[in-house]
$ cat model04.csv   # CSV, C-alpha atoms
chain,number,residue,atom,x,y,z
A,1,MET,CA,0.0,0.0,0.0
A,2,LYS,CA,1.3,3.4,-1.0
A,3,VAL,CA,0.2,6.8,0.2
A,4,TRP,CA,-0.4,9.7,-2.2
A,5,GLY,CA,-1.0,13.4,-1.7
A,6,ILE,CA,-3.3,15.1,-4.2
A,7,GLY,CA,-3.9,18.8,-4.4
A,8,ALA,CA,-7.5,19.9,-4.0
A,9,ASN,CA,-7.4,23.5,-5.0
A,10,TRP,CA,-7.8,24.3,-8.7
A,11,GLY,CA,-7.3,27.9,-9.7
A,12,GLY,CA,-8.0,29.1,-6.2
A,13,LYS,CA,-11.1,27.1,-5.8
A,14,SER,CA,-11.4,24.1,-3.4
A,15,ILE,CA,-12.8,21.0,-5.0
A,16,VAL,CA,-12.8,18.8,-1.9
A,17,LYS,CA,-16.6,18.6,-1.7
A,18,GLU,CA,-16.8,17.7,-5.4
A,19,PHE,CA,-14.2,14.9,-5.0
A,20,ILE,CA,-15.8,13.5,-1.9
A,21,GLY,CA,-19.4,13.8,-3.2
A,22,ASN,CA,-18.5,11.9,-6.3
A,23,ASP,CA,-16.1,9.3,-4.9
A,24,TYR,CA,-13.1,10.3,-7.0
A,25,ALA,CA,-9.9,12.4,-7.1
A,26,GLY,CA,-7.8,13.7,-9.9
A,27,ILE,CA,-5.4,16.4,-11.1
A,28,GLY,CA,-6.3,19.7,-12.6
A,29,TRP,CA,-4.4,19.3,-15.7
A,30,LEU,CA,-5.1,17.6,-19.0
A,31,GLU,CA,-2.7,14.8,-20.0
A,32,ASP,CA,-1.1,16.8,-22.8
A,33,GLU,CA,-0.4,19.6,-20.3
A,34,ALA,CA,1.2,17.4,-17.6
A,35,PRO,CA,2.3,14.1,-19.0
A,36,SER,CA,4.6,13.4,-16.0
A,37,LEU,CA,1.7,13.7,-13.6
A,38,TYR,CA,-0.3,11.3,-15.6
A,39,ALA,CA,2.6,8.9,-15.7
A,40,MET,CA,2.6,9.2,-11.9
A,41,MET,CA,-1.1,8.5,-11.8
A,42,ARG,CA,-0.5,5.3,-13.6
A,43,ASP,CA,1.5,4.2,-10.5
A,44,ILE,CA,-1.5,4.5,-8.2
A,45,GLU,CA,-3.0,1.1,-7.5
A,46,LYS,CA,-6.3,-0.2,-6.1
A,47,GLY,CA,-5.9,-0.3,-2.3
A,48,ASP,CA,-3.5,2.7,-2.1
A,49,ILE,CA,-4.4,5.5,0.3
A,50,VAL,CA,-4.8,9.0,-1.0
A,51,TYR,CA,-5.3,12.2,0.9
A,52,LEU,CA,-6.5,15.6,-0.3
A,53,LYS,CA,-4.3,18.4,0.9
A,54,SER,CA,-3.2,21.9,0.7
A,55,PHE,CA,0.1,23.3,1.9
A,56,THR,CA,0.9,26.6,3.5
A,57,TYR,CA,4.5,27.3,2.9
A,58,LYS,CA,4.6,30.4,5.1
A,59,ASN,CA,3.4,28.4,8.1
A,60,CYS,CA,5.2,25.1,7.1
A,61,THR,CA,1.8,23.3,7.5
A,62,LEU,CA,0.3,20.5,5.5
A,63,ASN,CA,-3.5,20.6,5.7
A,64,ILE,CA,-5.1,17.2,5.2
A,65,LYS,CA,-8.7,17.6,4.1
A,66,ALA,CA,-9.8,14.1,3.4
A,67,ILE,CA,-8.4,10.5,3.4
A,68,GLY,CA,-9.6,7.7,1.2
A,69,ARG,CA,-8.8,4.3,-0.3
A,70,VAL,CA,-8.4,3.8,-4.1
A,71,THR,CA,-11.1,1.5,-5.4
A,72,ALA,CA,-10.3,1.8,-9.2
A,73,THR,CA,-7.4,3.3,-11.0
A,74,ALA,CA,-7.4,5.9,-13.7
A,75,PHE,CA,-6.3,3.8,-16.5
A,76,LYS,CA,-7.7,0.4,-15.7
A,77,ASP,CA,-11.2,1.6,-15.0
A,78,PRO,CA,-11.5,5.2,-16.3
A,79,ARG,CA,-13.9,7.7,-14.9
A,80,TYR,CA,-14.1,11.3,-15.9
A,81,PHE,CA,-15.0,14.6,-14.3
A,82,LYS,CA,-18.5,15.6,-14.9
A,83,GLY,CA,-18.5,17.8,-18.0
A,84,LYS,CA,-14.7,17.6,-18.2
A,85,ASP,CA,-14.1,14.4,-20.2
A,86,LYS,CA,-10.3,14.8,-20.5
A,87,HIS,CA,-9.6,14.9,-16.7
A,88,ILE,CA,-9.2,11.2,-15.9
A,89,THR,CA,-9.8,10.3,-12.2
A,90,ILE,CA,-9.2,7.6,-9.7
A,91,GLN,CA,-12.2,6.2,-7.9
A,92,VAL,CA,-11.9,6.6,-4.1
A,93,GLU,CA,-13.9,5.4,-1.1
A,94,TRP,CA,-13.5,8.3,1.3
A,95,PHE,CA,-13.2,7.5,5.0
A,96,ASP,CA,-15.9,8.9,7.2
A,97,ILE,CA,-13.5,10.7,9.5
A,98,PRO,CA,-13.2,14.3,10.6
A,99,SER,CA,-10.1,14.8,8.6
A,100,ILE,CA,-10.8,18.5,7.8
A,101,GLY,CA,-8.5,20.3,10.1
A,102,LEU,CA,-5.9,17.5,10.4
A,103,LYS,CA,-2.6,19.2,10.1
A,104,TYR,CA,1.1,18.3,10.0
A,105,ASP,CA,3.3,21.2,11.2
A,106,PHE,CA,6.8,20.8,10.0
A,107,ARG,CA,8.1,23.3,12.5
A,108,GLU,CA,6.9,21.0,15.3
A,109,ASN,CA,7.9,17.8,13.7
A,110,GLY,CA,11.4,18.6,12.3
A,111,LYS,CA,12.2,20.7,9.3
A,112,ILE,CA,14.3,17.7,8.0
A,113,ASP,CA,11.1,16.6,6.3
A,114,MET,CA,11.1,19.8,4.3
A,115,ARG,CA,14.4,19.1,2.5
A,116,ASN,CA,12.5,17.3,-0.3
A,117,ASN,CA,9.5,19.5,-0.2
A,118,VAL,CA,6.9,18.2,-2.7
A,119,TYR,CA,3.9,19.4,-0.7
A,120,ASN,CA,3.1,22.3,-3.1
A,121,ASN,CA,2.9,19.7,-6.0
A,122,THR,CA,-0.4,18.6,-7.5
A,123,LEU,CA,0.4,14.9,-7.0
A,124,TYR,CA,3.2,13.1,-5.2
A,125,ARG,CA,3.9,9.8,-3.4
A,126,GLU,CA,4.2,10.3,0.3
A,127,TYR,CA,7.5,9.1,1.8
A,128,CYS,CA,7.6,10.9,5.1
A,129,ASP,CA,7.1,8.2,7.8
A,130,ARG,CA,5.6,10.7,10.2
A,131,ILE,CA,2.9,11.8,7.8
A,132,ILE,CA,2.2,8.2,6.8
A,133,GLU,CA,1.8,7.3,10.5
A,134,LEU,CA,-0.6,10.2,11.0
A,135,ILE,CA,-2.7,9.0,8.0
A,136,LYS,CA,-2.7,5.4,9.3
A,137,LYS,CA,-3.6,6.5,12.8
A,138,ASN,CA,-6.7,8.3,11.5
A,139,ILE,CA,-8.0,5.4,9.4
A,140,ALA,CA,-7.2,2.6,11.8
A,141,GLY,CA,-10.2,0.3,12.1
A,142,LYS,CA,-12.0,1.8,9.1
$ encode --input "model04.csv" --output "structure tokens"
Amino acid sequence: MKVWGIGANWGGKSIVKEFIGNDYAGIGWLEDEAPSLYAMMRDIEKGDIVYLKSFTYKNCTLNIKAIGRVTATAFKDPRYFKGKDKHITIQVEWFDIPSIGLKYDFRENGKIDMRNNVYNNTLYREYCDRIIELIKKNIAGK
């Protein structure tokens, strides 16, 4: 099981509710605009964990807005954004947890995690053990 972070702010607008309400997640770029991100999406597998996030660089804070488990991948079982047929998504079963407001503060947890700062990116695989443990702790027993 891998853990992935996905941005949930497109052009200054939060799309967290749209993702959760429709059981999916995706990236805000078309494949021809961001081929490397789509290559990364191909690595996401059924059973992986995803979290919707935003990152405040000024405060060194990762804001986790929702956590879910991938139920179908983008390229094996395609699903498209309503009215936006080029934005391929992954299907996600979102956990019913109060993840809104869940934060990881790098100032409190050691700036060493900031050395490979990918948290402003649209999509990334999570490698920080502390963040992975925070995610697992919040979905334990779900």
$ atom_distance --input "model04.csv" --atom1 "CA of Thr56 in chain A" --atom2 "CA of Phe95 in chain A"
23.8 Å
$ closest_residue --input "model04.csv" --among "A:Ile15, A:Ile132, A:Ile49, A:Met1" --to "Gln91 in chain A" --atoms "only C-alpha atoms"
A:Ile49
$ closest_residue --input "model04.csv" --among "A:His87, A:Lys137, A:Lys103, A:Arg130" --to "Glu31 in chain A" --atoms "all atoms listed in the file"
A:His87
$ atom_distance --input "model04.csv" --atom1 "CA of Asn121 in chain A" --atom2 "CA of Lys53 in chain A"
10.1 Å
$ closest_residue --input "model04.csv" --among "A:Gly12, A:Asp96, A:Tyr57, A:Thr122" --to "Ala25 in chain A" --atoms "all atoms listed in the file"
A:Thr122
$ closest_residue --input "model04.csv" --among "A:Ala74, A:Asp129, A:Thr89, A:Gly5" --to "Ile27 in chain A" --atoms "all atoms listed in the file"
A:Thr89
$ closest_residue --input "model04.csv" --among "A:Leu30, A:Val70, A:Ile97, A:Leu62" --to "Val50 in chain A" --atoms "only C-alpha atoms"
A:Val70
